[in-house]
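Chemist: Structure file final_31.txt, compact mmCIF, C-alpha atoms, is pasted below:
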# COMPACT_ATOMS: atom_id res chain seq x y z
CA MET A 2 -64.07 -87.55 -57.90
CA THR A 3 -61.43 -86.85 -55.30
CA THR A 4 -62.87 -85.45 -52.09
CA ARG A 5 -61.27 -83.79 -49.08
CA ARG A 6 -61.69 -87.05 -47.15
CA HIS A 7 -59.85 -89.04 -49.87
CA LEU A 8 -57.00 -86.55 -49.86
CA ILE A 9 -56.69 -86.57 -46.09
CA LEU A 10 -56.89 -90.35 -45.78
CA GLY A 11 -54.31 -90.71 -48.54
CA ALA A 12 -52.05 -88.16 -46.90
CA ALA A 13 -52.37 -89.85 -43.51
CA SER A 14 -50.85 -93.00 -44.97
CA SER A 15 -47.63 -91.25 -45.92
CA ALA A 16 -44.80 -90.99 -43.41
CA ALA A 17 -44.42 -87.26 -44.05
CA ALA A 18 -48.08 -86.56 -43.29
CA LEU A 19 -47.95 -88.67 -40.14
CA TYR A 20 -44.88 -86.75 -38.99
CA ALA A 21 -46.34 -83.33 -39.75
CA GLY A 22 -49.88 -84.23 -38.68
CA VAL A 23 -51.36 -82.20 -41.53
CA PHE A 24 -51.82 -82.31 -45.29
CA GLN A 25 -50.45 -79.23 -47.06
CA LEU A 26 -52.87 -77.45 -49.39
CA ARG A 27 -51.63 -74.05 -50.56
CA ALA A 28 -50.20 -70.77 -49.36
CA THR A 29 -52.52 -68.07 -48.00
CA ALA A 30 -53.52 -65.45 -50.55
CA ALA A 31 -50.71 -62.90 -50.43
CA THR A 32 -52.79 -60.03 -51.84
CA GLU A 33 -54.96 -59.54 -48.75
CA THR A 34 -54.00 -57.38 -45.79
CA PHE A 35 -55.14 -57.96 -42.19
CA GLU A 36 -55.13 -56.05 -38.89
CA VAL A 37 -52.74 -58.57 -37.34
CA SER A 38 -49.79 -59.22 -39.60
CA TYR A 39 -46.37 -60.78 -39.02
CA THR A 40 -43.52 -61.87 -41.23
CA ASP A 41 -43.33 -65.53 -42.15
CA ALA A 42 -40.50 -66.00 -39.62
CA GLU A 43 -42.57 -64.34 -36.88
CA TRP A 44 -45.58 -66.59 -37.62
CA ARG A 45 -43.31 -69.65 -37.47
CA ALA A 46 -41.99 -68.51 -34.07
CA ARG A 47 -45.50 -67.83 -32.69
CA LEU A 48 -47.16 -71.06 -33.86
CA SER A 49 -46.35 -74.76 -33.53
CA PRO A 50 -45.25 -76.39 -36.82
CA GLN A 51 -48.67 -78.06 -37.10
CA GLN A 52 -50.54 -74.80 -36.43
CA TYR A 53 -48.34 -72.98 -38.94
CA ALA A 54 -49.12 -75.60 -41.61
CA VAL A 55 -52.87 -75.18 -41.07
CA LEU A 56 -53.20 -71.47 -40.29
CA ARG A 57 -50.58 -70.03 -42.65
CA GLN A 58 -50.31 -72.69 -45.40
CA GLU A 59 -53.98 -73.71 -45.48
CA GLY A 60 -53.33 -77.30 -44.48
CA THR A 61 -55.86 -79.71 -42.99
CA GLU A 62 -55.36 -81.76 -39.85
CA PRO A 63 -56.30 -85.46 -39.93
CA ALA A 64 -59.97 -86.15 -39.22
CA GLY A 65 -60.66 -87.03 -35.59
CA SER A 66 -57.30 -85.73 -34.37
CA SER A 67 -58.48 -82.63 -32.48
CA PRO A 68 -59.27 -82.76 -28.76
CA LEU A 69 -61.74 -79.94 -29.47
CA ASN A 70 -64.06 -82.50 -31.07
CA LYS A 71 -64.87 -83.63 -27.52
CA GLU A 72 -65.09 -80.12 -26.02
CA HIS A 73 -68.65 -79.62 -24.77
CA ARG A 74 -68.23 -76.99 -22.05
CA SER A 75 -69.75 -73.53 -22.30
CA GLY A 76 -67.23 -71.05 -23.66
CA THR A 77 -65.66 -69.43 -26.69
CA PHE A 78 -63.53 -70.82 -29.52
CA SER A 79 -60.95 -68.26 -30.68
CA CYS A 80 -58.31 -68.00 -33.40
CA ALA A 81 -55.17 -69.81 -32.26
CA ALA A 82 -53.05 -67.26 -34.14
CA CYS A 83 -54.45 -63.92 -32.92
CA ALA A 84 -56.98 -64.82 -30.16
CA LEU A 85 -59.98 -63.22 -31.92
CA PRO A 86 -63.17 -64.85 -30.58
CA LEU A 87 -64.72 -66.79 -33.49
CA PHE A 88 -67.47 -69.15 -32.30
CA ALA A 89 -69.70 -69.50 -29.25
CA SER A 90 -69.91 -73.02 -27.85
CA THR A 91 -73.71 -72.82 -28.24
CA THR A 92 -73.26 -73.05 -32.03
CA LYS A 93 -71.02 -76.15 -31.95
CA PHE A 94 -72.49 -79.46 -33.10
CA ASP A 95 -71.27 -82.98 -33.88
CA SER A 96 -71.23 -83.17 -37.66
CA GLY A 97 -69.75 -86.69 -37.72
CA THR A 98 -66.96 -85.46 -39.99
CA GLY A 99 -64.09 -85.60 -37.49
CA TRP A 100 -63.58 -81.82 -37.31
CA PRO A 101 -65.05 -79.29 -34.86
CA SER A 102 -68.16 -77.90 -36.55
CA PHE A 103 -70.31 -74.84 -35.91
CA TRP A 104 -73.50 -73.55 -37.51
CA LYS A 105 -72.67 -69.84 -37.07
CA PRO A 106 -69.60 -67.70 -36.31
CA LEU A 107 -69.64 -64.69 -34.03
CA ASP A 108 -70.43 -61.40 -35.76
CA LYS A 109 -67.56 -59.98 -37.83
CA ALA A 110 -65.20 -62.80 -36.83
CA VAL A 111 -64.90 -65.08 -39.86
CA ALA A 112 -64.39 -64.05 -43.47
CA THR A 113 -64.64 -66.30 -46.52
CA ARG A 114 -63.19 -66.61 -49.98
CA GLN A 115 -63.58 -69.02 -52.86
CA ASP A 116 -61.20 -72.02 -52.79
CA ARG A 117 -60.61 -73.73 -56.14
CA SER A 118 -57.88 -76.14 -55.01
CA PHE A 119 -57.99 -79.77 -56.16
CA GLY A 120 -60.43 -79.03 -58.99
CA MET A 121 -63.27 -78.30 -56.55
CA VAL A 122 -65.04 -75.07 -55.70
CA ARG A 123 -65.47 -74.62 -51.96
CA THR A 124 -65.84 -71.75 -49.52
CA GLU A 125 -62.72 -71.31 -47.39
CA ALA A 126 -63.13 -69.71 -43.94
CA HIS A 127 -60.41 -67.58 -42.38
CA CYS A 128 -59.98 -65.30 -39.38
CA ARG A 129 -60.96 -61.82 -40.50
CA ARG A 130 -58.30 -60.23 -38.24
CA CYS A 131 -55.15 -62.22 -39.12
CA GLY A 132 -56.18 -64.19 -42.21
CA GLY A 133 -55.45 -67.54 -40.54
CA HIS A 134 -56.99 -70.50 -42.38
CA LEU A 135 -59.73 -72.07 -40.27
CA GLY A 136 -61.38 -74.59 -42.59
CA HIS A 137 -64.34 -74.56 -44.99
CA VAL A 138 -68.05 -73.74 -44.96
CA PHE A 139 -70.61 -76.17 -46.37
CA ASP A 140 -74.37 -75.89 -46.83
CA ASP A 141 -75.24 -79.17 -45.09
CA GLY A 142 -75.45 -77.91 -41.50
CA PRO A 143 -78.34 -77.84 -39.05
CA PRO A 144 -81.00 -75.15 -38.60
CA PRO A 145 -81.24 -72.29 -38.17
CA THR A 146 -78.50 -71.43 -40.72
CA GLY A 147 -78.14 -74.71 -42.62
CA LEU A 148 -74.38 -74.08 -42.63
CA ARG A 149 -71.49 -76.21 -41.37
CA TYR A 150 -68.33 -74.33 -40.52
CA CYS A 151 -65.96 -77.30 -40.59
CA MET A 152 -62.90 -76.04 -38.70
CA ASN A 153 -59.43 -77.38 -38.04
CA GLY A 154 -58.96 -77.78 -34.28
CA LEU A 155 -55.34 -76.62 -34.69
CA SER A 156 -56.63 -73.24 -35.80
CA LEU A 157 -58.72 -72.80 -32.65
CA SER A 158 -58.22 -72.30 -28.93
CA PHE A 159 -60.96 -72.76 -26.35
CA ALA A 160 -61.68 -70.72 -23.22
CA PRO A 161 -64.43 -72.01 -20.93
CA THR A 162 -66.95 -69.57 -19.53
CA PRO A 163 -65.89 -68.67 -15.95
CA ALA A 164 -68.05 -70.27 -13.27
Re-express the file's structure as structure tokens.

Modeler:
Amino acid sequence: MTTRRHLILGAASSAAALYAGVFQLRATAATETFEVSYTDAEWRARLSPQQYAVLRQEGTEPAGSSPLNKEHRSGTFSCAACALPLFASTTKFDSGTGWPSFWKPLDKAVATRQDRSFGMVRTEAHCRRCGGHLGHVFDDGPPPTGLRYCMNGLSLSFAPTPA
């Protein structure tokens, strides 16, 4: 069975994936509407090419590539596209997967939908305000929720708590 890890490792070996830094999955569901909405051209102007590929085209960054994996300060992780606060640093944990992981989002921050790409059924997580693709949710996380919100670092920004 092909897994996300196989796809990403295979993509990382191609010159195109190394150049782009992400593996393209699929376009965001066009039938949903969100509070923050821009044209495709406006999203491309607001985001880096790598962020656009992840947030707007539901791509995945290579495992271990995000500096946010090593972010351990107190603070808030927000959507890189619309700045909505998504996760408190107190819910971040090292999942060993190579992506920033959290056991719980902030209230009314993250929405989910079923993802049936690549012949698998997964739960995709996106910003509830702009629809930006964040990553996926799995049921192998730590207590108290047992969930792992496996997020792309490119879809997040971090603001430390002021001293």

Chemist: Using all atoms listed in the file, which residue out of A:Ala82, A:Gly60, A:Leu148, A:Lys105 lies closest to Leu48 in chain A?

Modeler: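 Under the stated criterion, the closest residue is A:Ala82.
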
Chemist: Which value, in Å to one decimal, gives the distance between CA of Ser38 in chain A and CA of His137 in chain A?

Modeler: 21.8 Å

Chemist: Would you list the contacts of range 71-77 of chain A as number ranges by chain, taking every protein, DNA or RNA residue within 7 Å and counting only C-alpha atoms, but skipping same-chain residues closer than 5 positions in sequence?

Modeler: A: 86, 88-90, 159-162

Chemist: So what do you get for CA of Ala54 in chain A versus CA of His127 in chain A, distance-wise?

Modeler: 13.9 Å

Chemist: Quote the spacing between CA of Tyr53 in chain A and CA of Phe103 in chain A in Å to one decimal place.

Modeler: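 Answer for the CA of Tyr53 in chain A to CA of Phe103 in chain A separation: 22.3 Å.
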
Chemist: Using only C-alpha atoms, I'd like a table of the residues in range 78-114 of chain A that come within 8 Å of range 130-134 of chain A; for each, show the closest atom pair and its distance in Å rounded to one decimal, ordered by chain and ascending number, as a Markdown table.

Modeler:
| residue | atom | partner | partner_atom | distance |
| --- | --- | --- | --- | --- |
| A:Cys80 | CA | A:Gly133 | CA | 7.7 |
| A:Ala82 | CA | A:Gly133 | CA | 6.8 |
| A:Cys83 | CA | A:Cys131 | CA | 6.5 |
| A:Leu85 | CA | A:Arg130 | CA | 7.2 |
| A:Ala110 | CA | A:Arg130 | CA | 7.5 |

Chemist: Contacts of Ala112 in chain A at 8 Å or less, counting only C-alpha atoms, minus same-chain residues fewer than 2 places along, as a PDB file with C-alpha atoms, keeping the file's coordinate frame?

Modeler:
ATOM      1  CA  LYS A 109     -67.560 -59.980 -37.830  1.00  0.00           C
ATOM      2  CA  ALA A 110     -65.200 -62.800 -36.830  1.00  0.00           C
ATOM      3  CA  ARG A 114     -63.190 -66.610 -49.980  1.00  0.00           C
ATOM      4  CA  ALA A 126     -63.130 -69.710 -43.940  1.00  0.00           C
ATOM      5  CA  HIS A 127     -60.410 -67.580 -42.380  1.00  0.00           C
ATOM      6  CA  CYS A 128     -59.980 -65.300 -39.380  1.00  0.00           C
ATOM      7  CA  ARG A 129     -60.960 -61.820 -40.500  1.00  0.00           C
TER       8      ARG A 129
END

Chemist: Could you check which of A:Glu125, A:Leu107, A:Phe119, A:Thr92 is closest to Gly142 in chain A, using all atoms listed in the file?

Modeler: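 Among A:Glu125, A:Leu107, A:Phe119, A:Thr92, it is A:Thr92 that comes nearest to Gly142 in chain A.
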
Chemist: Rank nothing, just name the residue among A:Ser96, A:Thr113, A:Thr146, A:Ser66 nearest to Gln51 in chain A, using all atoms listed in the file.

Modeler: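 Going through A:Ser96, A:Thr113, A:Thr146, A:Ser66 one by one, the smallest distance to Gln51 in chain A is for A:Ser66.
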
Chemist: Rank nothing, just name the residue among A:Phe94, A:Trp100, A:Phe35, A:Tyr150 nearest to Ser67 in chain A, using only C-alpha atoms.

Modeler: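 Closest to Ser67 in chain A of all the choices is A:Trp100.
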